[in-house]
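Colleague: Quick one, run19.txt (compact mmCIF, N, CA and C atoms and all ligand atoms):
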# COMPACT_ATOMS: atom_id res chain seq x y z
N MET K 1 27.86 6.43 -5.95
CA MET K 1 26.75 5.50 -6.13
C MET K 1 25.42 6.24 -5.92
N VAL K 2 24.46 5.95 -6.76
CA VAL K 2 23.16 6.62 -6.69
C VAL K 2 22.38 6.11 -5.48
N ASN K 3 21.78 7.03 -4.71
CA ASN K 3 20.95 6.64 -3.57
C ASN K 3 19.50 6.54 -4.03
N PHE K 4 19.00 5.35 -4.12
CA PHE K 4 17.62 5.13 -4.57
C PHE K 4 16.62 5.18 -3.41
N GLY K 5 17.11 5.35 -2.18
CA GLY K 5 16.20 5.43 -1.04
C GLY K 5 15.89 4.10 -0.40
N TYR K 6 16.54 3.06 -0.83
CA TYR K 6 16.34 1.75 -0.21
C TYR K 6 17.64 0.96 -0.33
N THR K 7 17.72 -0.09 0.46
CA THR K 7 18.88 -0.97 0.38
C THR K 7 18.42 -2.40 0.17
N THR K 8 19.28 -3.22 -0.36
CA THR K 8 18.93 -4.63 -0.53
C THR K 8 19.04 -5.33 0.80
N LEU K 9 18.27 -6.40 0.97
CA LEU K 9 18.32 -7.18 2.20
C LEU K 9 19.63 -7.97 2.25
N PRO K 10 20.16 -8.20 3.47
CA PRO K 10 21.35 -9.05 3.54
C PRO K 10 21.01 -10.47 3.08
N THR K 11 22.00 -11.14 2.55
CA THR K 11 21.79 -12.51 2.08
C THR K 11 21.35 -13.41 3.24
N HIS K 12 20.28 -14.17 3.01
CA HIS K 12 19.77 -15.06 4.05
C HIS K 12 19.74 -16.47 3.49
N ILE K 13 20.68 -17.27 3.92
CA ILE K 13 20.75 -18.66 3.46
C ILE K 13 20.22 -19.56 4.56
N HIS K 14 19.24 -20.39 4.21
CA HIS K 14 18.64 -21.28 5.20
C HIS K 14 18.95 -22.72 4.79
N ASP K 15 19.70 -23.41 5.60
CA ASP K 15 20.10 -24.79 5.29
C ASP K 15 19.01 -25.74 5.77
N MET K 16 18.17 -26.19 4.83
CA MET K 16 17.05 -27.06 5.20
C MET K 16 17.51 -28.44 5.67
N ASP K 17 18.74 -28.84 5.30
CA ASP K 17 19.24 -30.13 5.77
C ASP K 17 19.47 -30.11 7.28
N LYS K 18 19.67 -28.90 7.84
CA LYS K 18 19.92 -28.80 9.28
C LYS K 18 18.70 -28.28 10.04
N ALA K 19 17.61 -28.02 9.33
CA ALA K 19 16.43 -27.45 9.97
C ALA K 19 15.71 -28.50 10.83
N ASP K 20 15.17 -28.05 11.96
CA ASP K 20 14.38 -28.93 12.83
C ASP K 20 12.93 -28.88 12.37
N LEU K 21 12.51 -29.91 11.63
CA LEU K 21 11.16 -29.93 11.07
C LEU K 21 10.22 -30.79 11.90
N GLY K 22 10.60 -31.06 13.14
CA GLY K 22 9.76 -31.89 14.01
C GLY K 22 8.39 -31.30 14.26
N LEU K 23 8.33 -29.98 14.49
CA LEU K 23 7.04 -29.35 14.74
C LEU K 23 6.17 -29.39 13.48
N ALA K 24 6.78 -29.11 12.33
CA ALA K 24 6.03 -29.15 11.07
C ALA K 24 5.47 -30.55 10.83
N ASP K 25 6.28 -31.56 11.10
CA ASP K 25 5.83 -32.94 10.89
C ASP K 25 4.69 -33.30 11.83
N SER K 26 4.79 -32.90 13.11
CA SER K 26 3.74 -33.27 14.06
C SER K 26 2.44 -32.53 13.75
N ILE K 27 2.53 -31.27 13.32
CA ILE K 27 1.31 -30.54 12.95
C ILE K 27 0.68 -31.17 11.71
N SER K 28 1.49 -31.51 10.72
CA SER K 28 0.97 -32.15 9.51
C SER K 28 0.29 -33.47 9.84
N PHE K 29 0.86 -34.18 10.81
CA PHE K 29 0.29 -35.47 11.20
C PHE K 29 -1.07 -35.29 11.88
N GLU K 30 -1.16 -34.28 12.76
CA GLU K 30 -2.39 -34.09 13.53
C GLU K 30 -3.46 -33.32 12.75
N ASP K 31 -3.05 -32.47 11.81
CA ASP K 31 -4.02 -31.70 11.02
C ASP K 31 -3.43 -31.48 9.64
N SER K 32 -3.82 -32.34 8.69
CA SER K 32 -3.21 -32.30 7.36
C SER K 32 -3.58 -31.04 6.58
N SER K 33 -4.57 -30.28 7.06
CA SER K 33 -4.91 -29.03 6.34
C SER K 33 -3.73 -28.05 6.38
N PHE K 34 -2.81 -28.27 7.31
CA PHE K 34 -1.59 -27.44 7.38
C PHE K 34 -0.84 -27.45 6.05
N ASN K 35 -0.91 -28.59 5.35
CA ASN K 35 -0.17 -28.74 4.09
C ASN K 35 -0.86 -28.06 2.90
N LEU K 36 -2.09 -27.60 3.10
CA LEU K 36 -2.84 -27.01 1.99
C LEU K 36 -2.55 -25.54 1.78
N CYS K 37 -1.86 -24.92 2.73
CA CYS K 37 -1.61 -23.47 2.66
C CYS K 37 -0.79 -23.12 1.42
N ILE K 38 -1.26 -22.11 0.69
CA ILE K 38 -0.54 -21.64 -0.50
C ILE K 38 0.06 -20.25 -0.25
N ALA K 39 0.07 -19.84 1.01
CA ALA K 39 0.69 -18.56 1.40
C ALA K 39 0.07 -17.37 0.67
N CYS K 40 -1.25 -17.41 0.51
CA CYS K 40 -1.91 -16.32 -0.23
C CYS K 40 -2.01 -15.04 0.60
N GLY K 41 -2.05 -15.19 1.94
CA GLY K 41 -2.09 -14.01 2.80
C GLY K 41 -3.48 -13.53 3.17
N SER K 42 -4.53 -14.21 2.72
CA SER K 42 -5.89 -13.78 3.07
C SER K 42 -6.09 -13.78 4.58
N CYS K 43 -5.53 -14.77 5.25
CA CYS K 43 -5.66 -14.85 6.71
C CYS K 43 -5.01 -13.63 7.37
N THR K 44 -3.86 -13.27 6.89
CA THR K 44 -3.13 -12.15 7.48
C THR K 44 -3.86 -10.83 7.24
N SER K 45 -4.44 -10.68 6.06
CA SER K 45 -5.10 -9.41 5.75
C SER K 45 -6.39 -9.23 6.54
N THR K 46 -6.98 -10.31 7.04
CA THR K 46 -8.22 -10.19 7.81
C THR K 46 -7.99 -10.37 9.30
N CYS K 47 -6.76 -10.59 9.69
CA CYS K 47 -6.47 -10.99 11.08
C CYS K 47 -6.79 -9.89 12.10
N THR K 48 -7.56 -10.26 13.11
CA THR K 48 -7.90 -9.33 14.18
C THR K 48 -6.65 -8.92 14.96
N ALA K 49 -5.84 -9.90 15.31
CA ALA K 49 -4.63 -9.60 16.08
C ALA K 49 -3.64 -8.77 15.26
N GLY K 50 -3.69 -8.95 13.94
CA GLY K 50 -2.79 -8.20 13.07
C GLY K 50 -3.06 -6.70 13.07
N ALA K 51 -4.27 -6.33 13.50
CA ALA K 51 -4.59 -4.90 13.58
C ALA K 51 -3.90 -4.25 14.78
N PHE K 52 -3.51 -5.06 15.75
CA PHE K 52 -2.91 -4.51 16.98
C PHE K 52 -1.45 -4.90 17.16
N THR K 53 -1.03 -5.95 16.44
CA THR K 53 0.35 -6.44 16.56
C THR K 53 0.89 -6.69 15.15
N ASN K 54 2.10 -7.18 15.05
CA ASN K 54 2.66 -7.54 13.74
C ASN K 54 2.43 -9.02 13.44
N PHE K 55 1.44 -9.63 14.09
CA PHE K 55 1.20 -11.06 13.90
C PHE K 55 0.75 -11.38 12.48
N SER K 56 1.30 -12.46 11.92
CA SER K 56 0.90 -12.94 10.61
C SER K 56 0.86 -14.47 10.66
N PHE K 57 -0.34 -15.02 10.49
CA PHE K 57 -0.48 -16.47 10.47
C PHE K 57 0.37 -17.07 9.35
N ARG K 58 0.35 -16.41 8.20
CA ARG K 58 1.12 -16.90 7.04
C ARG K 58 2.61 -16.96 7.38
N GLN K 59 3.12 -15.91 8.01
CA GLN K 59 4.54 -15.89 8.36
C GLN K 59 4.85 -16.97 9.40
N MET K 60 3.93 -17.16 10.34
CA MET K 60 4.14 -18.20 11.36
C MET K 60 4.26 -19.57 10.69
N CYS K 61 3.41 -19.83 9.68
CA CYS K 61 3.49 -21.12 8.97
C CYS K 61 4.84 -21.26 8.27
N HIS K 62 5.32 -20.19 7.69
CA HIS K 62 6.64 -20.23 7.04
C HIS K 62 7.73 -20.56 8.06
N GLN K 63 7.63 -19.94 9.24
CA GLN K 63 8.63 -20.21 10.28
C GLN K 63 8.62 -21.68 10.66
N ILE K 64 7.43 -22.25 10.79
CA ILE K 64 7.34 -23.68 11.15
C ILE K 64 7.98 -24.53 10.04
N LYS K 65 7.68 -24.19 8.79
CA LYS K 65 8.19 -24.99 7.67
C LYS K 65 9.69 -24.79 7.46
N ARG K 66 10.25 -23.73 8.05
CA ARG K 66 11.70 -23.52 7.99
C ARG K 66 12.40 -24.06 9.25
N GLY K 67 11.59 -24.57 10.19
CA GLY K 67 12.16 -25.09 11.42
C GLY K 67 12.49 -24.02 12.44
N GLU K 68 11.96 -22.82 12.25
CA GLU K 68 12.18 -21.73 13.21
C GLU K 68 11.10 -21.81 14.29
N ASN K 69 11.15 -22.88 15.05
CA ASN K 69 10.04 -23.24 15.91
C ASN K 69 9.84 -22.29 17.09
N SER K 70 10.91 -21.86 17.71
CA SER K 70 10.74 -20.99 18.88
C SER K 70 10.12 -19.65 18.47
N GLN K 71 10.49 -19.14 17.29
CA GLN K 71 9.88 -17.90 16.81
C GLN K 71 8.39 -18.11 16.53
N ALA K 72 8.06 -19.24 15.91
CA ALA K 72 6.66 -19.53 15.58
C ALA K 72 5.82 -19.68 16.85
N ILE K 73 6.38 -20.35 17.85
CA ILE K 73 5.64 -20.54 19.11
C ILE K 73 5.39 -19.20 19.78
N ALA K 74 6.41 -18.35 19.78
CA ALA K 74 6.24 -17.02 20.39
C ALA K 74 5.19 -16.22 19.62
N GLU K 75 5.21 -16.31 18.29
CA GLU K 75 4.23 -15.58 17.48
C GLU K 75 2.81 -16.06 17.75
N SER K 76 2.64 -17.37 17.94
CA SER K 76 1.29 -17.94 18.11
C SER K 76 0.56 -17.34 19.30
N GLU K 77 1.32 -16.85 20.28
CA GLU K 77 0.69 -16.28 21.48
C GLU K 77 -0.06 -14.99 21.17
N LYS K 78 0.21 -14.38 20.02
CA LYS K 78 -0.47 -13.12 19.67
C LYS K 78 -1.88 -13.35 19.13
N CYS K 79 -2.17 -14.57 18.70
CA CYS K 79 -3.48 -14.88 18.11
C CYS K 79 -4.57 -14.81 19.16
N MET K 80 -5.72 -14.25 18.78
CA MET K 80 -6.86 -14.10 19.70
C MET K 80 -7.90 -15.21 19.50
N LEU K 81 -7.62 -16.15 18.59
CA LEU K 81 -8.49 -17.29 18.33
C LEU K 81 -9.91 -16.89 17.93
N CYS K 82 -10.03 -15.78 17.22
CA CYS K 82 -11.36 -15.29 16.84
C CYS K 82 -11.95 -16.10 15.68
N GLY K 83 -11.10 -16.67 14.83
CA GLY K 83 -11.58 -17.52 13.75
C GLY K 83 -11.85 -16.81 12.43
N LYS K 84 -11.62 -15.52 12.33
CA LYS K 84 -11.88 -14.82 11.07
C LYS K 84 -11.05 -15.39 9.93
N CYS K 85 -9.81 -15.75 10.23
CA CYS K 85 -8.91 -16.26 9.20
C CYS K 85 -9.44 -17.58 8.61
N THR K 86 -10.10 -18.37 9.43
CA THR K 86 -10.64 -19.64 8.95
C THR K 86 -11.69 -19.38 7.87
N LEU K 87 -12.50 -18.33 8.08
CA LEU K 87 -13.53 -17.99 7.10
C LEU K 87 -12.91 -17.43 5.82
N ALA K 88 -11.76 -16.75 5.95
CA ALA K 88 -11.14 -16.10 4.79
C ALA K 88 -10.28 -17.05 3.97
N CYS K 89 -9.88 -18.16 4.54
CA CYS K 89 -8.91 -19.04 3.86
C CYS K 89 -9.53 -19.76 2.66
N PRO K 90 -8.97 -19.57 1.47
CA PRO K 90 -9.52 -20.24 0.28
C PRO K 90 -9.18 -21.73 0.21
N ARG K 91 -8.29 -22.18 1.09
CA ARG K 91 -7.86 -23.58 1.07
C ARG K 91 -8.40 -24.38 2.25
N ASN K 92 -9.28 -23.76 3.01
CA ASN K 92 -9.87 -24.44 4.17
C ASN K 92 -8.83 -24.96 5.16
N VAL K 93 -7.78 -24.19 5.34
CA VAL K 93 -6.81 -24.54 6.38
C VAL K 93 -7.48 -24.29 7.73
N ASN K 94 -7.38 -25.25 8.60
CA ASN K 94 -8.01 -25.14 9.92
C ASN K 94 -7.09 -24.30 10.82
N THR K 95 -7.10 -23.02 10.57
CA THR K 95 -6.10 -22.12 11.15
C THR K 95 -6.09 -22.12 12.68
N ARG K 96 -7.28 -22.08 13.26
CA ARG K 96 -7.31 -22.04 14.73
C ARG K 96 -6.73 -23.31 15.33
N ASN K 97 -7.00 -24.43 14.68
CA ASN K 97 -6.44 -25.68 15.20
C ASN K 97 -4.92 -25.70 15.04
N ILE K 98 -4.43 -25.10 13.96
CA ILE K 98 -2.97 -25.02 13.78
C ILE K 98 -2.36 -24.21 14.92
N ILE K 99 -3.01 -23.09 15.24
CA ILE K 99 -2.52 -22.27 16.36
C ILE K 99 -2.54 -23.09 17.65
N ARG K 100 -3.61 -23.83 17.86
CA ARG K 100 -3.72 -24.65 19.08
C ARG K 100 -2.58 -25.67 19.15
N LEU K 101 -2.26 -26.28 18.00
CA LEU K 101 -1.20 -27.29 17.97
C LEU K 101 0.17 -26.65 18.23
N VAL K 102 0.37 -25.44 17.71
CA VAL K 102 1.65 -24.76 17.95
C VAL K 102 1.78 -24.44 19.43
N ARG K 103 0.70 -23.96 20.03
CA ARG K 103 0.75 -23.64 21.46
C ARG K 103 0.93 -24.90 22.30
N LYS K 104 0.32 -25.98 21.85
CA LYS K 104 0.46 -27.26 22.57
C LYS K 104 1.92 -27.69 22.55
N ALA K 105 2.60 -27.47 21.42
CA ALA K 105 4.01 -27.84 21.31
C ALA K 105 4.83 -27.08 22.33
N ASN K 106 4.43 -25.85 22.60
CA ASN K 106 5.15 -25.04 23.59
C ASN K 106 5.10 -25.68 24.97
N GLN K 107 4.01 -26.39 25.26
CA GLN K 107 3.88 -27.03 26.58
C GLN K 107 4.67 -28.31 26.68
N THR K 108 5.04 -28.88 25.51
CA THR K 108 5.75 -30.16 25.55
C THR K 108 7.26 -30.00 25.35
N ILE K 109 7.71 -28.77 24.97
CA ILE K 109 9.15 -28.57 24.76
C ILE K 109 9.86 -28.45 26.10
S1 LIG G 201 -5.57 -17.81 3.91
FE1 LIG G 201 -5.19 -20.03 4.04
S2 LIG G 201 -3.99 -20.53 2.20
FE2 LIG G 201 -3.90 -18.30 2.46
S3 LIG G 201 -1.98 -17.95 3.65
FE3 LIG G 201 -3.68 -18.11 5.12
S4 LIG G 201 -3.72 -20.28 5.75
FE4 LIG G 201 -2.52 -20.13 3.85
S1 LIG G 202 -7.92 -16.62 14.80
FE1 LIG G 202 -5.93 -15.62 15.25
S2 LIG G 202 -4.84 -15.64 13.27
FE2 LIG G 202 -7.04 -15.96 12.83
S3 LIG G 202 -7.92 -13.90 12.42
FE3 LIG G 202 -8.23 -14.37 14.62
S4 LIG G 202 -6.45 -13.47 15.65
FE4 LIG G 202 -5.92 -13.62 13.47
Show this structure as structure tokens.
Ligand code: SF4
Ligand code: SF4
Modeller:
Amino acid sequence: MVNFGYTTLPTHIHDMDKADLGLADSISFEDSSFNLCIACGSCTSTCTAGAFTNFSFRQMCHQIKRGENSQAIAESEKCMLCGKCTLACPRNVNTRNIIRLVRKANQTI
């Protein structure tokens, strides 16, 4: 077999029927701008915390929408709440408030 220098990712099947979407629903209820995200990545490319860690606001939103809540909550702690992503977002997602709501969920779990 030819070695192309990379391998394919293992199959990742996510059963949305079994996903815990409680956090996604509560964030959508408290701040509907959460639903406007188109995963463009502008927030991640300008992120202050991303320069020092592997934090990605976009990835955190995906985790919430997949019901991977504990991972998302842990990721949210990396944010420095500087607000640069809010200025970069083309969809006016209230990113800092989303982070605040994720952290708030951590206090209620
Ligand atoms: S910049 Fe806004 S729309 Fe783009 S991924 Fe970030 S939150 Fe979503
Ligand atoms: S508020 Fe958080 S997610 Fe947004 S740019 Fe600053 S550190 Fe990154």
Colleague: Using only C-alpha atoms and all ligand atoms, which residues have at least one atom no more than 7 Å from ligand LIG 202 (chain G)? Output them as a list in words.
Modeller: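 Those residues are Cys43, Thr44, Thr46, Cys47, Thr48, Ala49, Gly50, Ser56, Phe57, Cys79, Met80, Leu81, Cys82, Gly83, Lys84, Cys85, Thr86, Thr95 and Arg96 of chain K.
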Colleague: My list of candidates is K:Arg66, K:Val102, K:Asn94, K:Gln107. Which is closest to ligand LIG 201 (chain G) when distances are computed with only N, CA and C atoms and all ligand atoms?
Modeller: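 For ligand LIG 201 (chain G), the nearest of the given residues is K:Asn94.
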Colleague: May I have the residues within 6.5 Å of ligand LIG 201 (chain G), computed using all atoms listed in the file, as JSON, numbers by chain?
Modeller: {"K": [36, 37, 38, 39, 40, 41, 42, 43, 44, 57, 58, 85, 88, 89, 90, 91, 92, 93, 95]}
Colleague: Print the selection's residues with N, CA and C atoms to a file, as a CSV table (one decimal), in the frame of the given file.
Modeller:
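Below is the file that was written, selection_19.csv:
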chain,number,residue,atom,x,y,z
K,36,LEU,N,-2.1,-27.6,3.1
K,36,LEU,CA,-2.8,-27.0,2.0
K,36,LEU,C,-2.6,-25.5,1.8
K,37,CYS,N,-1.9,-24.9,2.7
K,37,CYS,CA,-1.6,-23.5,2.7
K,37,CYS,C,-0.8,-23.1,1.4
K,38,ILE,N,-1.3,-22.1,0.7
K,38,ILE,CA,-0.5,-21.6,-0.5
K,38,ILE,C,0.1,-20.2,-0.2
K,39,ALA,N,0.1,-19.8,1.0
K,39,ALA,CA,0.7,-18.6,1.4
K,39,ALA,C,0.1,-17.4,0.7
K,40,CYS,N,-1.2,-17.4,0.5
K,40,CYS,CA,-1.9,-16.3,-0.2
K,40,CYS,C,-2.0,-15.0,0.6
K,41,GLY,N,-2.0,-15.2,1.9
K,41,GLY,CA,-2.1,-14.0,2.8
K,41,GLY,C,-3.5,-13.5,3.2
K,42,SER,N,-4.5,-14.2,2.7
K,42,SER,CA,-5.9,-13.8,3.1
K,42,SER,C,-6.1,-13.8,4.6
K,43,CYS,N,-5.5,-14.8,5.2
K,43,CYS,CA,-5.7,-14.8,6.7
K,43,CYS,C,-5.0,-13.6,7.4
K,44,THR,N,-3.9,-13.3,6.9
K,44,THR,CA,-3.1,-12.2,7.5
K,44,THR,C,-3.9,-10.8,7.2
K,57,PHE,N,-0.3,-15.0,10.5
K,57,PHE,CA,-0.5,-16.5,10.5
K,57,PHE,C,0.4,-17.1,9.4
K,58,ARG,N,0.4,-16.4,8.2
K,58,ARG,CA,1.1,-16.9,7.0
K,58,ARG,C,2.6,-17.0,7.4
K,85,CYS,N,-9.8,-15.8,10.2
K,85,CYS,CA,-8.9,-16.3,9.2
K,85,CYS,C,-9.4,-17.6,8.6
K,88,ALA,N,-11.8,-16.8,6.0
K,88,ALA,CA,-11.1,-16.1,4.8
K,88,ALA,C,-10.3,-17.0,4.0
K,89,CYS,N,-9.9,-18.2,4.5
K,89,CYS,CA,-8.9,-19.0,3.9
K,89,CYS,C,-9.5,-19.8,2.7
K,90,PRO,N,-9.0,-19.6,1.5
K,90,PRO,CA,-9.5,-20.2,0.3
K,90,PRO,C,-9.2,-21.7,0.2
K,91,ARG,N,-8.3,-22.2,1.1
K,91,ARG,CA,-7.9,-23.6,1.1
K,91,ARG,C,-8.4,-24.4,2.2
K,92,ASN,N,-9.3,-23.8,3.0
K,92,ASN,CA,-9.9,-24.4,4.2
K,92,ASN,C,-8.8,-25.0,5.2
K,93,VAL,N,-7.8,-24.2,5.3
K,93,VAL,CA,-6.8,-24.5,6.4
K,93,VAL,C,-7.5,-24.3,7.7
K,95,THR,N,-7.1,-23.0,10.6
K,95,THR,CA,-6.1,-22.1,11.2
K,95,THR,C,-6.1,-22.1,12.7
Colleague: Which distance in Å separates CA of Ser76 in chain K and CA of Asp20 in chain K, to one decimal?
Modeller: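 According to the coordinates, CA of Ser76 in chain K and CA of Asp20 in chain K are separated by 17.9 Å.
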Colleague: I'd like the interatomic distance between CA of Arg103 in chain K and atom C of Glu77 in chain K, to a tenth of an Å.
Modeller: 8.7 Å
Colleague: Could you tell me how far atom C of Asn69 in chain K sits from CA of Asn106 in chain K, in Å to one decimal place?
Modeller: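 The value is 8.5 Å.
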Colleague: Pick out the residues sitting within 8 Å of Lys18 in chain K, and hand them over as a list in words; count only N, CA and C atoms, and ignore anything fewer than 3 positions along from it in its own chain.
Modeller: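 Final neighbour list, sorted by chain and number: His14, Asp15, Leu21, Arg66 and Gly67 of chain K.
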Colleague: List as a PyMOL selection string the protein and nucleic acid residues near Met60 in chain K, meaning an atom at most 7 Å away when only N, CA and C atoms are counted, but skip any in the same chain fewer than 5 places from it.
Modeller: chain K and resi 55+65+71-72+75-76
Colleague: According to DSSP computed on the backbone, where in range 10-100 of chain K is there helix (DSSP H, G or I)? Give the residues as a ChimeraX atom specification.
Modeller: /K:16-18,22-30,32-36,42-46,49-51,57-65,69-76,84-88,95-100
Colleague: Restricting it to N, CA and C atoms, dump the selection as a compact mmCIF listing (two decimals), in the coordinates of the input.
Modeller:
# COMPACT_ATOMS: atom_id res chain seq x y z
N MET K 16 18.17 -26.19 4.83
CA MET K 16 17.05 -27.06 5.20
C MET K 16 17.51 -28.44 5.67
N ASP K 17 18.74 -28.84 5.30
CA ASP K 17 19.24 -30.13 5.77
C ASP K 17 19.47 -30.11 7.28
N LYS K 18 19.67 -28.90 7.84
CA LYS K 18 19.92 -28.80 9.28
C LYS K 18 18.70 -28.28 10.04
N GLY K 22 10.60 -31.06 13.14
CA GLY K 22 9.76 -31.89 14.01
C GLY K 22 8.39 -31.30 14.26
N LEU K 23 8.33 -29.98 14.49
CA LEU K 23 7.04 -29.35 14.74
C LEU K 23 6.17 -29.39 13.48
N ALA K 24 6.78 -29.11 12.33
CA ALA K 24 6.03 -29.15 11.07
C ALA K 24 5.47 -30.55 10.83
N ASP K 25 6.28 -31.56 11.10
CA ASP K 25 5.83 -32.94 10.89
C ASP K 25 4.69 -33.30 11.83
N SER K 26 4.79 -32.90 13.11
CA SER K 26 3.74 -33.27 14.06
C SER K 26 2.44 -32.53 13.75
N ILE K 27 2.53 -31.27 13.32
CA ILE K 27 1.31 -30.54 12.95
C ILE K 27 0.68 -31.17 11.71
N SER K 28 1.49 -31.51 10.72
CA SER K 28 0.97 -32.15 9.51
C SER K 28 0.29 -33.47 9.84
N PHE K 29 0.86 -34.18 10.81
CA PHE K 29 0.29 -35.47 11.20
C PHE K 29 -1.07 -35.29 11.88
N GLU K 30 -1.16 -34.28 12.76
CA GLU K 30 -2.39 -34.09 13.53
C GLU K 30 -3.46 -33.32 12.75
N SER K 32 -3.82 -32.34 8.69
CA SER K 32 -3.21 -32.30 7.36
C SER K 32 -3.58 -31.04 6.58
N SER K 33 -4.57 -30.28 7.06
CA SER K 33 -4.91 -29.03 6.34
C SER K 33 -3.73 -28.05 6.38
N PHE K 34 -2.81 -28.27 7.31
CA PHE K 34 -1.59 -27.44 7.38
C PHE K 34 -0.84 -27.45 6.05
N ASN K 35 -0.91 -28.59 5.35
CA ASN K 35 -0.17 -28.74 4.09
C ASN K 35 -0.86 -28.06 2.90
N LEU K 36 -2.09 -27.60 3.10
CA LEU K 36 -2.84 -27.01 1.99
C LEU K 36 -2.55 -25.54 1.78
N SER K 42 -4.53 -14.21 2.72
CA SER K 42 -5.89 -13.78 3.07
C SER K 42 -6.09 -13.78 4.58
N CYS K 43 -5.53 -14.77 5.25
CA CYS K 43 -5.66 -14.85 6.71
C CYS K 43 -5.01 -13.63 7.37
N THR K 44 -3.86 -13.27 6.89
CA THR K 44 -3.13 -12.15 7.48
C THR K 44 -3.86 -10.83 7.24
N SER K 45 -4.44 -10.68 6.06
CA SER K 45 -5.10 -9.41 5.75
C SER K 45 -6.39 -9.23 6.54
N THR K 46 -6.98 -10.31 7.04
CA THR K 46 -8.22 -10.19 7.81
C THR K 46 -7.99 -10.37 9.30
N ALA K 49 -5.84 -9.90 15.31
CA ALA K 49 -4.63 -9.60 16.08
C ALA K 49 -3.64 -8.77 15.26
N GLY K 50 -3.69 -8.95 13.94
CA GLY K 50 -2.79 -8.20 13.07
C GLY K 50 -3.06 -6.70 13.07
N ALA K 51 -4.27 -6.33 13.50
CA ALA K 51 -4.59 -4.90 13.58
C ALA K 51 -3.90 -4.25 14.78
N PHE K 57 -0.34 -15.02 10.49
CA PHE K 57 -0.48 -16.47 10.47
C PHE K 57 0.37 -17.07 9.35
N ARG K 58 0.35 -16.41 8.20
CA ARG K 58 1.12 -16.90 7.04
C ARG K 58 2.61 -16.96 7.38
N GLN K 59 3.12 -15.91 8.01
CA GLN K 59 4.54 -15.89 8.36
C GLN K 59 4.85 -16.97 9.40
N MET K 60 3.93 -17.16 10.34
CA MET K 60 4.14 -18.20 11.36
C MET K 60 4.26 -19.57 10.69
N CYS K 61 3.41 -19.83 9.68
CA CYS K 61 3.49 -21.12 8.97
C CYS K 61 4.84 -21.26 8.27
N HIS K 62 5.32 -20.19 7.69
CA HIS K 62 6.64 -20.23 7.04
C HIS K 62 7.73 -20.56 8.06
N GLN K 63 7.63 -19.94 9.24
CA GLN K 63 8.63 -20.21 10.28
C GLN K 63 8.62 -21.68 10.66
N ILE K 64 7.43 -22.25 10.79
CA ILE K 64 7.34 -23.68 11.15
C ILE K 64 7.98 -24.53 10.04
N LYS K 65 7.68 -24.19 8.79
CA LYS K 65 8.19 -24.99 7.67
C LYS K 65 9.69 -24.79 7.46
N ASN K 69 11.15 -22.88 15.05
CA ASN K 69 10.04 -23.24 15.91
C ASN K 69 9.84 -22.29 17.09
N SER K 70 10.91 -21.86 17.71
CA SER K 70 10.74 -20.99 18.88
C SER K 70 10.12 -19.65 18.47
N GLN K 71 10.49 -19.14 17.29
CA GLN K 71 9.88 -17.90 16.81
C GLN K 71 8.39 -18.11 16.53
N ALA K 72 8.06 -19.24 15.91
CA ALA K 72 6.66 -19.53 15.58
C ALA K 72 5.82 -19.68 16.85
N ILE K 73 6.38 -20.35 17.85
CA ILE K 73 5.64 -20.54 19.11
C ILE K 73 5.39 -19.20 19.78
N ALA K 74 6.41 -18.35 19.78
CA ALA K 74 6.24 -17.02 20.39
C ALA K 74 5.19 -16.22 19.62
N GLU K 75 5.21 -16.31 18.29
CA GLU K 75 4.23 -15.58 17.48
C GLU K 75 2.81 -16.06 17.75
N SER K 76 2.64 -17.37 17.94
CA SER K 76 1.29 -17.94 18.11
C SER K 76 0.56 -17.34 19.30
N LYS K 84 -11.62 -15.52 12.33
CA LYS K 84 -11.88 -14.82 11.07
C LYS K 84 -11.05 -15.39 9.93
N CYS K 85 -9.81 -15.75 10.23
CA CYS K 85 -8.91 -16.26 9.20
C CYS K 85 -9.44 -17.58 8.61
N THR K 86 -10.10 -18.37 9.43
CA THR K 86 -10.64 -19.64 8.95
C THR K 86 -11.69 -19.38 7.87
N LEU K 87 -12.50 -18.33 8.08
CA LEU K 87 -13.53 -17.99 7.10
C LEU K 87 -12.91 -17.43 5.82
N ALA K 88 -11.76 -16.75 5.95
CA ALA K 88 -11.14 -16.10 4.79
C ALA K 88 -10.28 -17.05 3.97
N THR K 95 -7.10 -23.02 10.57
CA THR K 95 -6.10 -22.12 11.15
C THR K 95 -6.09 -22.12 12.68
N ARG K 96 -7.28 -22.08 13.26
CA ARG K 96 -7.31 -22.04 14.73
C ARG K 96 -6.73 -23.31 15.33
N ASN K 97 -7.00 -24.43 14.68
CA ASN K 97 -6.44 -25.68 15.20
C ASN K 97 -4.92 -25.70 15.04
N ILE K 98 -4.43 -25.10 13.96
CA ILE K 98 -2.97 -25.02 13.78
C ILE K 98 -2.36 -24.21 14.92
N ILE K 99 -3.01 -23.09 15.24
CA ILE K 99 -2.52 -22.27 16.36
C ILE K 99 -2.54 -23.09 17.65
N ARG K 100 -3.61 -23.83 17.86
CA ARG K 100 -3.72 -24.65 19.08
C ARG K 100 -2.58 -25.67 19.15
Colleague: Using only N, CA and C atoms, find the one residue out of K:Gln59, K:Thr53, K:Met1, K:Phe34 that sits nearest to Lys78 in chain K.
Modeller: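 Between K:Gln59, K:Thr53, K:Met1, K:Phe34, the residue approaching Lys78 in chain K most closely is K:Thr53.
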